[in-house]
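Q: Got a structure for you, questions after.
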Amino acid sequence: MKALVAVKRVVDYNVKVRAKSDGSGVDISNVKMSMNPFDEIAVEEAVRLKEAGLVDEVIVVSAGSAACQDTLRNGLAIGADRAILIETDVDLQPLAVAKLLKAVCDREQPQLAILGKQAIDDDANQVGQMLASLAGWGQATFASKLVVGDGSVTVTREVDGGLETLALSLPAVVTTDLRLNSPRYVTLPNIMKAKKKLLETLTPDALGVDVAPRLRVLKVVEPAGRKAGEMVKDVATLIDKLKTEAKVI
């Protein structure tokens, strides 16, 4: 069985992002970039399935600039077998990414596609669902446990009321939540081995996909700063402020 994992290059989660002065977007100049944390969980899960003998090959896929090669090499260092970069300078939106992944799935014929549930830069939470719809595959989102069987996959997913278990026929799309696993530490020997693994570069045109943006960002602004806290002398004063200022009572 072949597993395909989508990964995205994003601003590292430890970096405090700033909006550009003209409001056109987020300033990513000279900031640390990393693999999206949810995608790292997805790669780890696919590699674990391979180590358990349930998956024969793990392919990591990314779409974006040439700098995404570093993200793919990280996926290869975790344990993926090969990588595909769909290189473009267009600012890709969720639907365009889903169409690109669908084209790669048509080309590679994986039985399981694993994606992070969302990217921490736009928090869209759309690509996995769109890919499943475009491909006509079953889907299970927010997975906290994944069990692969003979021609099927059982997924325990987190919902508002607790946990829900779904059984899907393969091929299928699964998106990962935080509690699915803890990604391994990438060792230096594996980083060196990753440099020798195959990284193929494609273009949207070669896949026959139009990635022109369909949405336009009007303005990006930072959230308003929080006011400093205030000490009150007694409970009665606190209740009064909750009523008149916070308006929560």
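Labeling convention for the structure tokens: chains A, B, ... as they appear, residues from 1 per chain, ligands from 1 in order of appearance.
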Do you have, as a tab-separated table, the list of residues of stretch 51-167 of chain A lying at most 7 Å from stretch 1-10 of chain A, each with its nearest atom pair and that distance in Å to one decimal, counting only C-alpha atoms and ordered by chain then number?

A:
residue	atom	partner	partner_atom	distance
A:Val55	CA	A:Met1	CA	4.8
A:Asp56	CA	A:Met1	CA	5.2
A:Glu57	CA	A:Lys2	CA	4.9
A:Val58	CA	A:Ala3	CA	4.9
A:Ile59	CA	A:Leu4	CA	4.8
A:Val60	CA	A:Val5	CA	4.8
A:Val61	CA	A:Ala6	CA	4.8
A:Ser62	CA	A:Val7	CA	5.2
A:Cys68	CA	A:Arg9	CA	6.0
A:Thr71	CA	A:Arg9	CA	6.0
A:Pro110	CA	A:Lys2	CA	4.7
A:Gln111	CA	A:Lys2	CA	5.7
A:Leu112	CA	A:Ala3	CA	4.8
A:Ala113	CA	A:Leu4	CA	4.8
A:Ile114	CA	A:Val5	CA	4.9
A:Leu115	CA	A:Ala6	CA	5.4
A:Asp121	CA	A:Val10	CA	6.3

Q: Skip A:Gly79 itself and residues of its chain fewer than 3 positions away, then list as number ranges by chain all residues within 12 Å of it, counting only C-alpha atoms.

A: A: 5, 40, 42-51, 57-60, 72-76, 82-83, 183-187, 189-194, 197

Q: When you count only C-alpha atoms, which of these residues is closest to A:Asp106: A:Gly128, A:Pro223, A:Pro37, A:Gly208?

A: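 Counting only C-alpha atoms, the residue closest to A:Asp106 is A:Gly208.
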
Q: Please return as a PyMOL selection string: the residues of stretch 26-209 of chain A that backbone DSSP assigns to strand (DSSP E or B).

A: chain A and resi 26-27+33-35+57-64+82-87+112-116+138-148+152-159+162-169+172-176+199-202

Q: Please produce an output containing C-alpha atoms for each residue in the selection, written as a PDB file, in the first residue's frame.

A:
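Once written, result11.pdb looks like this:
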ATOM      1  CA  VAL A  26       2.263  38.856   7.101  1.00  0.00           C
ATOM      2  CA  ASP A  27       5.933  39.799   7.212  1.00  0.00           C
ATOM      3  CA  MET A  33      10.285  28.584   8.614  1.00  0.00           C
ATOM      4  CA  SER A  34       9.357  25.008   9.512  1.00  0.00           C
ATOM      5  CA  MET A  35       7.050  22.176   8.561  1.00  0.00           C
ATOM      6  CA  GLU A  57       5.934   3.461   0.409  1.00  0.00           C
ATOM      7  CA  VAL A  58       5.498   6.941   1.898  1.00  0.00           C
ATOM      8  CA  ILE A  59       5.520   9.951  -0.428  1.00  0.00           C
ATOM      9  CA  VAL A  60       5.634  13.516   0.903  1.00  0.00           C
ATOM     10  CA  VAL A  61       4.228  16.284  -1.306  1.00  0.00           C
ATOM     11  CA  SER A  62       4.472  20.057  -0.995  1.00  0.00           C
ATOM     12  CA  ALA A  63       3.381  22.947  -3.201  1.00  0.00           C
ATOM     13  CA  GLY A  64       5.072  26.327  -3.224  1.00  0.00           C
ATOM     14  CA  ARG A  82      10.545  10.044  -1.714  1.00  0.00           C
ATOM     15  CA  ALA A  83       9.248  13.566  -2.212  1.00  0.00           C
ATOM     16  CA  ILE A  84       7.406  15.622  -4.820  1.00  0.00           C
ATOM     17  CA  LEU A  85       7.586  19.418  -5.010  1.00  0.00           C
ATOM     18  CA  ILE A  86       4.982  21.233  -7.083  1.00  0.00           C
ATOM     19  CA  GLU A  87       6.945  24.416  -7.645  1.00  0.00           C
ATOM     20  CA  LEU A 112      -4.228   6.515   1.815  1.00  0.00           C
ATOM     21  CA  ALA A 113      -3.745  10.295   1.879  1.00  0.00           C
ATOM     22  CA  ILE A 114      -2.795  11.762   5.261  1.00  0.00           C
ATOM     23  CA  LEU A 115      -2.845  15.513   5.845  1.00  0.00           C
ATOM     24  CA  GLY A 116      -2.568  17.770   8.859  1.00  0.00           C
ATOM     25  CA  GLY A 138     -14.140   8.751   2.097  1.00  0.00           C
ATOM     26  CA  GLN A 139     -12.722  11.096   4.719  1.00  0.00           C
ATOM     27  CA  ALA A 140     -12.092  11.188   8.462  1.00  0.00           C
ATOM     28  CA  THR A 141     -10.939  14.467   9.990  1.00  0.00           C
ATOM     29  CA  PHE A 142      -9.286  15.304  13.336  1.00  0.00           C
ATOM     30  CA  ALA A 143      -7.940  11.770  13.783  1.00  0.00           C
ATOM     31  CA  SER A 144      -6.608  10.846  17.234  1.00  0.00           C
ATOM     32  CA  LYS A 145      -6.165   7.142  16.372  1.00  0.00           C
ATOM     33  CA  LEU A 146      -5.719   5.347  13.058  1.00  0.00           C
ATOM     34  CA  VAL A 147      -5.861   1.597  12.446  1.00  0.00           C
ATOM     35  CA  VAL A 148      -5.297   0.192   8.954  1.00  0.00           C
ATOM     36  CA  SER A 152     -10.108  -0.372   5.122  1.00  0.00           C
ATOM     37  CA  VAL A 153      -9.051   2.072   7.810  1.00  0.00           C
ATOM     38  CA  THR A 154     -10.654   2.703  11.202  1.00  0.00           C
ATOM     39  CA  VAL A 155     -10.278   6.228  12.550  1.00  0.00           C
ATOM     40  CA  THR A 156     -11.083   7.562  15.989  1.00  0.00           C
ATOM     41  CA  ARG A 157     -11.712  11.283  15.709  1.00  0.00           C
ATOM     42  CA  GLU A 158     -12.239  14.056  18.217  1.00  0.00           C
ATOM     43  CA  VAL A 159     -15.631  15.788  18.170  1.00  0.00           C
ATOM     44  CA  GLY A 162     -16.084  13.248  22.844  1.00  0.00           C
ATOM     45  CA  LEU A 163     -14.773  10.604  20.426  1.00  0.00           C
ATOM     46  CA  GLU A 164     -16.289   9.175  17.246  1.00  0.00           C
ATOM     47  CA  THR A 165     -15.057   6.052  15.428  1.00  0.00           C
ATOM     48  CA  LEU A 166     -15.410   5.756  11.650  1.00  0.00           C
ATOM     49  CA  ALA A 167     -14.664   2.852   9.317  1.00  0.00           C
ATOM     50  CA  LEU A 168     -13.626   3.832   5.792  1.00  0.00           C
ATOM     51  CA  SER A 169     -12.964   1.816   2.682  1.00  0.00           C
ATOM     52  CA  ALA A 172      -9.424   7.439   1.857  1.00  0.00           C
ATOM     53  CA  VAL A 173      -8.308  10.804   3.210  1.00  0.00           C
ATOM     54  CA  VAL A 174      -7.402  11.259   6.882  1.00  0.00           C
ATOM     55  CA  THR A 175      -6.502  14.528   8.599  1.00  0.00           C
ATOM     56  CA  THR A 176      -4.500  14.428  11.815  1.00  0.00           C
ATOM     57  CA  LEU A 199      12.939  14.672  -4.726  1.00  0.00           C
ATOM     58  CA  GLU A 200      10.971  15.209  -7.924  1.00  0.00           C
ATOM     59  CA  THR A 201       9.929  18.690  -9.075  1.00  0.00           C
ATOM     60  CA  LEU A 202       6.739  19.302 -11.034  1.00  0.00           C
TER      61      LEU A 202
END

Q: Residues of stretch 86-167 of chain A classed as helix (DSSP H, G or I) by DSSP on the backbone are to be reported as a compact mmCIF listing (two decimals) with C-alpha atoms, in the first residue's frame.

A:
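This went into selection-v4.txt:
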# COMPACT_ATOMS: atom_id res chain seq x y z
CA PRO A 94 -6.86 25.78 -0.34
CA LEU A 95 -8.84 24.83 -3.44
CA ALA A 96 -5.76 25.13 -5.67
CA VAL A 97 -3.74 22.95 -3.26
CA ALA A 98 -6.52 20.34 -3.18
CA LYS A 99 -6.61 20.24 -6.99
CA LEU A 100 -2.83 19.81 -7.14
CA LEU A 101 -2.97 16.97 -4.60
CA LYS A 102 -5.80 15.35 -6.57
CA ALA A 103 -3.63 15.46 -9.69
CA VAL A 104 -0.74 13.87 -7.78
CA CYS A 105 -3.08 11.19 -6.41
CA ASP A 106 -4.22 10.41 -9.96
CA ARG A 107 -0.58 10.07 -10.94
CA GLU A 108 0.68 8.07 -7.94
CA VAL A 127 -7.62 21.05 1.98
CA GLY A 128 -8.28 17.54 3.34
CA GLN A 129 -12.04 17.86 2.90
CA MET A 130 -11.69 19.38 -0.58
CA LEU A 131 -9.28 16.64 -1.66
CA ALA A 132 -11.71 13.93 -0.51
CA SER A 133 -14.54 15.58 -2.41
CA LEU A 134 -12.53 16.02 -5.61
CA ALA A 135 -11.23 12.43 -5.49

Q: Here is a test: counting only C-alpha atoms, which residue of A:Asp12, A:Val235, A:Gly161, A:Ala19 is nearest to A:Val31?

A: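 Between A:Asp12, A:Val235, A:Gly161, A:Ala19, the residue approaching A:Val31 most closely is A:Asp12.
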
Q: Interatomic distance between atom CA of A:Trp137 and atom CA of A:Gln109?

A: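 Separation of atom CA of A:Trp137 and atom CA of A:Gln109: 12.2 Å.
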
Q: Could you check the closest approach to A:Leu92 for each of A:Asp234, A:Asp210, A:Asp70, A:Asp160 and tell me which residue wins, using only C-alpha atoms?

A: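 So, comparing all the options, the nearest one is A:Asp210.
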
Q: Between atom CA of A:Ser65 and atom CA of A:Val15, what is the distance, to one decimal in Å?

A: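 For atom CA of A:Ser65 relative to atom CA of A:Val15, the distance reads 20.5 Å.
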